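Enquirer: What follows is upload09.tsv; its format and atoms are TSV, N, CA and C atoms.
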chain	number	residue	atom	x	y	z
A	297	MET	N	6.44	0.59	13.58
A	297	MET	CA	5.04	0.74	13.94
A	297	MET	C	4.68	2.21	14.15
A	298	ASP	N	5.63	3.02	14.56
A	298	ASP	CA	5.33	4.44	14.74
A	298	ASP	C	4.93	5.10	13.43
A	299	PHE	N	5.55	4.65	12.35
A	299	PHE	CA	5.24	5.20	11.04
A	299	PHE	C	3.78	4.93	10.68
A	300	LEU	N	3.32	3.72	10.92
A	300	LEU	CA	1.93	3.37	10.63
A	300	LEU	C	0.97	4.15	11.52
A	301	LYS	N	1.34	4.34	12.77
A	301	LYS	CA	0.50	5.13	13.68
A	301	LYS	C	0.43	6.58	13.22
A	302	ASP	N	1.54	7.12	12.74
A	302	ASP	CA	1.55	8.49	12.24
A	302	ASP	C	0.67	8.63	11.00
A	303	ILE	N	0.76	7.65	10.10
A	303	ILE	CA	-0.07	7.71	8.90
A	303	ILE	C	-1.54	7.62	9.28
A	304	TRP	N	-1.88	6.69	10.18
A	304	TRP	CA	-3.27	6.56	10.60
A	304	TRP	C	-3.75	7.83	11.29
A	305	GLY	N	-2.91	8.43	12.12
A	305	GLY	CA	-3.27	9.68	12.78
A	305	GLY	C	-3.52	10.80	11.78
A	306	PHE	N	-2.70	10.88	10.75
A	306	PHE	CA	-2.88	11.89	9.70
A	306	PHE	C	-4.20	11.67	8.97
A	307	ILE	N	-4.45	10.43	8.58
A	307	ILE	CA	-5.68	10.13	7.83
A	307	ILE	C	-6.90	10.44	8.68
A	308	LYS	N	-6.85	10.08	9.95
A	308	LYS	CA	-7.99	10.28	10.83
A	308	LYS	C	-8.22	11.76	11.13
A	309	GLU	N	-7.14	12.48	11.41
A	309	GLU	CA	-7.26	13.89	11.78
A	309	GLU	C	-7.70	14.76	10.60
A	310	ARG	N	-7.14	14.51	9.44
A	310	ARG	CA	-7.44	15.33	8.26
A	310	ARG	C	-8.64	14.82	7.47
A	311	LYS	N	-9.20	13.70	7.92
A	311	LYS	CA	-10.35	13.08	7.25
A	311	LYS	C	-10.06	12.78	5.78
A	312	LYS	N	-8.90	12.21	5.54
A	312	LYS	CA	-8.47	11.82	4.20
A	312	LYS	C	-8.61	10.30	4.07
A	313	TYR	N	-9.82	9.81	4.27
A	313	TYR	CA	-10.05	8.37	4.27
A	313	TYR	C	-9.82	7.75	2.90
A	314	TRP	N	-9.84	8.53	1.85
A	314	TRP	CA	-9.59	8.00	0.52
A	314	TRP	C	-8.15	7.54	0.35
A	315	LEU	N	-7.25	7.97	1.25
A	315	LEU	CA	-5.85	7.55	1.15
A	315	LEU	C	-5.66	6.09	1.57
A	316	GLY	N	-6.59	5.55	2.35
A	316	GLY	CA	-6.47	4.16	2.82
A	316	GLY	C	-6.35	3.17	1.68
A	317	PRO	N	-7.32	3.14	0.77
A	317	PRO	CA	-7.20	2.19	-0.34
A	317	PRO	C	-5.99	2.44	-1.23
A	318	VAL	N	-5.59	3.68	-1.39
A	318	VAL	CA	-4.41	4.00	-2.21
A	318	VAL	C	-3.17	3.40	-1.57
A	319	ILE	N	-3.02	3.55	-0.28
A	319	ILE	CA	-1.85	3.01	0.43
A	319	ILE	C	-1.85	1.49	0.38
A	320	ILE	N	-3.03	0.88	0.55
A	320	ILE	CA	-3.12	-0.58	0.50
A	320	ILE	C	-2.73	-1.10	-0.88
A	321	MET	N	-3.20	-0.45	-1.93
A	321	MET	CA	-2.86	-0.89	-3.29
A	321	MET	C	-1.37	-0.73	-3.57
A	322	LEU	N	-0.77	0.36	-3.10
A	322	LEU	CA	0.67	0.55	-3.29
A	322	LEU	C	1.46	-0.53	-2.56
A	323	LEU	N	1.02	-0.89	-1.36
A	323	LEU	CA	1.70	-1.95	-0.62
A	323	LEU	C	1.57	-3.30	-1.34
A	324	LEU	N	0.39	-3.58	-1.87
A	324	LEU	CA	0.21	-4.84	-2.60
A	324	LEU	C	1.07	-4.90	-3.86
A	325	ILE	N	1.15	-3.80	-4.58
A	325	ILE	CA	2.00	-3.76	-5.77
A	325	ILE	C	3.47	-3.92	-5.39
A	326	GLY	N	3.87	-3.30	-4.28
A	326	GLY	CA	5.24	-3.46	-3.80
A	326	GLY	C	5.56	-4.89	-3.43
A	327	VAL	N	4.62	-5.58	-2.80
A	327	VAL	CA	4.82	-6.99	-2.44
A	327	VAL	C	4.93	-7.84	-3.71
A	328	LEU	N	4.09	-7.56	-4.70
A	328	LEU	CA	4.18	-8.29	-5.96
A	328	LEU	C	5.54	-8.09	-6.64
A	329	VAL	N	6.05	-6.89	-6.60
A	329	VAL	CA	7.35	-6.61	-7.22
A	329	VAL	C	8.46	-7.35	-6.49
A	330	VAL	N	8.41	-7.36	-5.17
A	330	VAL	CA	9.45	-8.05	-4.39
A	330	VAL	C	9.38	-9.56	-4.62
A	331	ILE	N	8.18	-10.11	-4.61
A	331	ILE	CA	8.03	-11.55	-4.81
A	331	ILE	C	8.41	-11.93	-6.24
A	332	GLY	N	7.99	-11.11	-7.18
A	332	GLY	CA	8.23	-11.43	-8.59
A	332	GLY	C	9.64	-11.19	-9.05
A	333	GLY	N	10.44	-10.54	-8.25
A	333	GLY	CA	11.80	-10.20	-8.66
A	333	GLY	C	12.70	-11.40	-8.86
A	334	GLY	N	12.60	-12.39	-8.02
A	334	GLY	CA	13.53	-13.50	-8.13
A	334	GLY	C	12.89	-14.84	-7.87
A	335	SER	N	11.72	-15.06	-8.37
A	335	SER	CA	11.07	-16.34	-8.12
A	335	SER	C	10.56	-16.94	-9.43
A	336	SER	N	10.08	-18.14	-9.32
A	336	SER	CA	9.53	-18.81	-10.50
A	336	SER	C	8.13	-18.31	-10.83
A	337	VAL	N	7.56	-17.47	-9.97
A	337	VAL	CA	6.23	-16.92	-10.19
A	337	VAL	C	6.31	-15.68	-11.08
A	338	ALA	N	7.51	-15.19	-11.34
A	338	ALA	CA	7.70	-13.93	-12.07
A	338	ALA	C	6.99	-13.88	-13.42
A	339	PRO	N	7.05	-14.90	-14.25
A	339	PRO	CA	6.36	-14.80	-15.54
A	339	PRO	C	4.85	-14.59	-15.41
A	340	PHE	N	4.27	-15.15	-14.39
A	340	PHE	CA	2.83	-15.01	-14.19
A	340	PHE	C	2.48	-13.62	-13.67
A	341	ILE	N	3.34	-13.07	-12.83
A	341	ILE	CA	3.09	-11.72	-12.31
A	341	ILE	C	3.26	-10.70	-13.42
A	342	TYR	N	4.27	-10.87	-14.27
A	342	TYR	CA	4.50	-9.93	-15.35
A	342	TYR	C	3.34	-9.93	-16.35
A	343	SER	N	2.68	-11.06	-16.49
A	343	SER	CA	1.57	-11.11	-17.43
A	343	SER	C	0.36	-10.34	-16.90
A	344	LEU	N	0.30	-10.07	-15.61
A	344	LEU	CA	-0.79	-9.29	-15.05
A	344	LEU	C	-0.72	-7.83	-15.49
A	345	PHE	N	0.47	-7.33	-15.70
A	345	PHE	CA	0.64	-5.93	-16.06
A	345	PHE	C	0.89	-5.80	-17.54
If you took the structure in this file and wrote it as structure tokens, what would it be?

Expert:
Amino acid sequence: MDFLKDIWGFIKERKKYWLGPVIIMLLLIGVLVVIGGGSSVAPFIYSLF
């Protein structure tokens, strides 16, 4: 949780609010990769890209 607080503090202090959506999208892509790695959903996820 300290890592998330540090990131939020950086974004807030430096007024880099555009980083929020970038971080969220990277996290979502990471979750898709982890889920798609070894499941039966993998063919459907691969067709998205």

Enquirer: Mind listing the helix (DSSP H, G or I) residues of chain A, per DSSP on the backbone, as a PyMOL selection string?

Expert: chain A and resi 298-310+315-333+338-344

Enquirer: Please compute the CA of Arg310 in chain A-CA of Asp298 in chain A distance, one decimal, in Å.

Expert: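 Here the two named atoms are 18.0 Å from each other.
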
Enquirer: So the first atom is atom C of Leu300 in chain A and the second is atom C of Gly333 in chain A; what is the distance between them in Å, to one decimal place?

Expert: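 Interatomic distance, atom C of Leu300 in chain A to atom C of Gly333 in chain A: 28.2 Å.
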
Enquirer: Take CA of Leu323 in chain A and CA of Asp302 in chain A and report the distance between them in Å, one decimal.

Expert: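 The value is 16.6 Å.
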
Enquirer: Give me the residues near Tyr313 in chain A as a PDB file with N, CA and C atoms, in the coordinates of the input, where near means some atom within 10 Å (using only C-alpha atoms) and where sequence neighbours in that chain fewer than 6 positions away do not count.

Expert:
ATOM      1  N   TRP A 304      -1.880   6.690  10.180  1.00  0.00           N
ATOM      2  CA  TRP A 304      -3.270   6.560  10.600  1.00  0.00           C
ATOM      3  C   TRP A 304      -3.750   7.830  11.290  1.00  0.00           C
ATOM      4  N   PHE A 306      -2.700  10.880  10.750  1.00  0.00           N
ATOM      5  CA  PHE A 306      -2.880  11.890   9.700  1.00  0.00           C
ATOM      6  C   PHE A 306      -4.200  11.670   8.970  1.00  0.00           C
ATOM      7  N   ILE A 307      -4.450  10.430   8.580  1.00  0.00           N
ATOM      8  CA  ILE A 307      -5.680  10.130   7.830  1.00  0.00           C
ATOM      9  C   ILE A 307      -6.900  10.440   8.680  1.00  0.00           C
TER      10      ILE A 307
END

Enquirer: Generate the coordinates of N, CA, C and O atoms for range 305-327 of chain A; report them as a compact mmCIF listing (two decimals), in the coordinates of the input.

Expert:
# COMPACT_ATOMS: atom_id res chain seq x y z
N GLY A 305 -2.91 8.43 12.12
CA GLY A 305 -3.27 9.68 12.78
C GLY A 305 -3.52 10.80 11.78
O GLY A 305 -4.47 11.58 11.92
N PHE A 306 -2.70 10.88 10.75
CA PHE A 306 -2.88 11.89 9.70
C PHE A 306 -4.20 11.67 8.97
O PHE A 306 -4.96 12.62 8.75
N ILE A 307 -4.45 10.43 8.58
CA ILE A 307 -5.68 10.13 7.83
C ILE A 307 -6.90 10.44 8.68
O ILE A 307 -7.88 11.02 8.20
N LYS A 308 -6.85 10.08 9.95
CA LYS A 308 -7.99 10.28 10.83
C LYS A 308 -8.22 11.76 11.13
O LYS A 308 -9.35 12.25 11.12
N GLU A 309 -7.14 12.48 11.41
CA GLU A 309 -7.26 13.89 11.78
C GLU A 309 -7.70 14.76 10.60
O GLU A 309 -8.54 15.64 10.75
N ARG A 310 -7.14 14.51 9.44
CA ARG A 310 -7.44 15.33 8.26
C ARG A 310 -8.64 14.82 7.47
O ARG A 310 -8.99 15.40 6.45
N LYS A 311 -9.20 13.70 7.92
CA LYS A 311 -10.35 13.08 7.25
C LYS A 311 -10.06 12.78 5.78
O LYS A 311 -10.85 13.05 4.89
N LYS A 312 -8.90 12.21 5.54
CA LYS A 312 -8.47 11.82 4.20
C LYS A 312 -8.61 10.30 4.07
O LYS A 312 -7.67 9.58 3.77
N TYR A 313 -9.82 9.81 4.27
CA TYR A 313 -10.05 8.37 4.27
C TYR A 313 -9.82 7.75 2.90
O TYR A 313 -9.61 6.54 2.81
N TRP A 314 -9.84 8.53 1.85
CA TRP A 314 -9.59 8.00 0.52
C TRP A 314 -8.15 7.54 0.35
O TRP A 314 -7.83 6.80 -0.57
N LEU A 315 -7.25 7.97 1.25
CA LEU A 315 -5.85 7.55 1.15
C LEU A 315 -5.66 6.09 1.57
O LEU A 315 -4.68 5.47 1.18
N GLY A 316 -6.59 5.55 2.35
CA GLY A 316 -6.47 4.16 2.82
C GLY A 316 -6.35 3.17 1.68
O GLY A 316 -5.38 2.40 1.62
N PRO A 317 -7.32 3.14 0.77
CA PRO A 317 -7.20 2.19 -0.34
C PRO A 317 -5.99 2.44 -1.23
O PRO A 317 -5.40 1.49 -1.76
N VAL A 318 -5.59 3.68 -1.39
CA VAL A 318 -4.41 4.00 -2.21
C VAL A 318 -3.17 3.40 -1.57
O VAL A 318 -2.34 2.76 -2.26
N ILE A 319 -3.02 3.55 -0.28
CA ILE A 319 -1.85 3.01 0.43
C ILE A 319 -1.85 1.49 0.38
O ILE A 319 -0.81 0.86 0.15
N ILE A 320 -3.03 0.88 0.55
CA ILE A 320 -3.12 -0.58 0.50
C ILE A 320 -2.73 -1.10 -0.88
O ILE A 320 -1.98 -2.08 -0.99
N MET A 321 -3.20 -0.45 -1.93
CA MET A 321 -2.86 -0.89 -3.29
C MET A 321 -1.37 -0.73 -3.57
O MET A 321 -0.75 -1.59 -4.20
N LEU A 322 -0.77 0.36 -3.10
CA LEU A 322 0.67 0.55 -3.29
C LEU A 322 1.46 -0.53 -2.56
O LEU A 322 2.47 -1.03 -3.08
N LEU A 323 1.02 -0.89 -1.36
CA LEU A 323 1.70 -1.95 -0.62
C LEU A 323 1.57 -3.30 -1.34
O LEU A 323 2.54 -4.05 -1.42
N LEU A 324 0.39 -3.58 -1.87
CA LEU A 324 0.21 -4.84 -2.60
C LEU A 324 1.07 -4.90 -3.86
O LEU A 324 1.67 -5.94 -4.16
N ILE A 325 1.15 -3.80 -4.58
CA ILE A 325 2.00 -3.76 -5.77
C ILE A 325 3.47 -3.92 -5.39
O ILE A 325 4.23 -4.61 -6.06
N GLY A 326 3.87 -3.30 -4.28
CA GLY A 326 5.24 -3.46 -3.80
C GLY A 326 5.56 -4.89 -3.43
O GLY A 326 6.64 -5.40 -3.75
N VAL A 327 4.62 -5.58 -2.80
CA VAL A 327 4.82 -6.99 -2.44
C VAL A 327 4.93 -7.84 -3.71
O VAL A 327 5.78 -8.73 -3.79
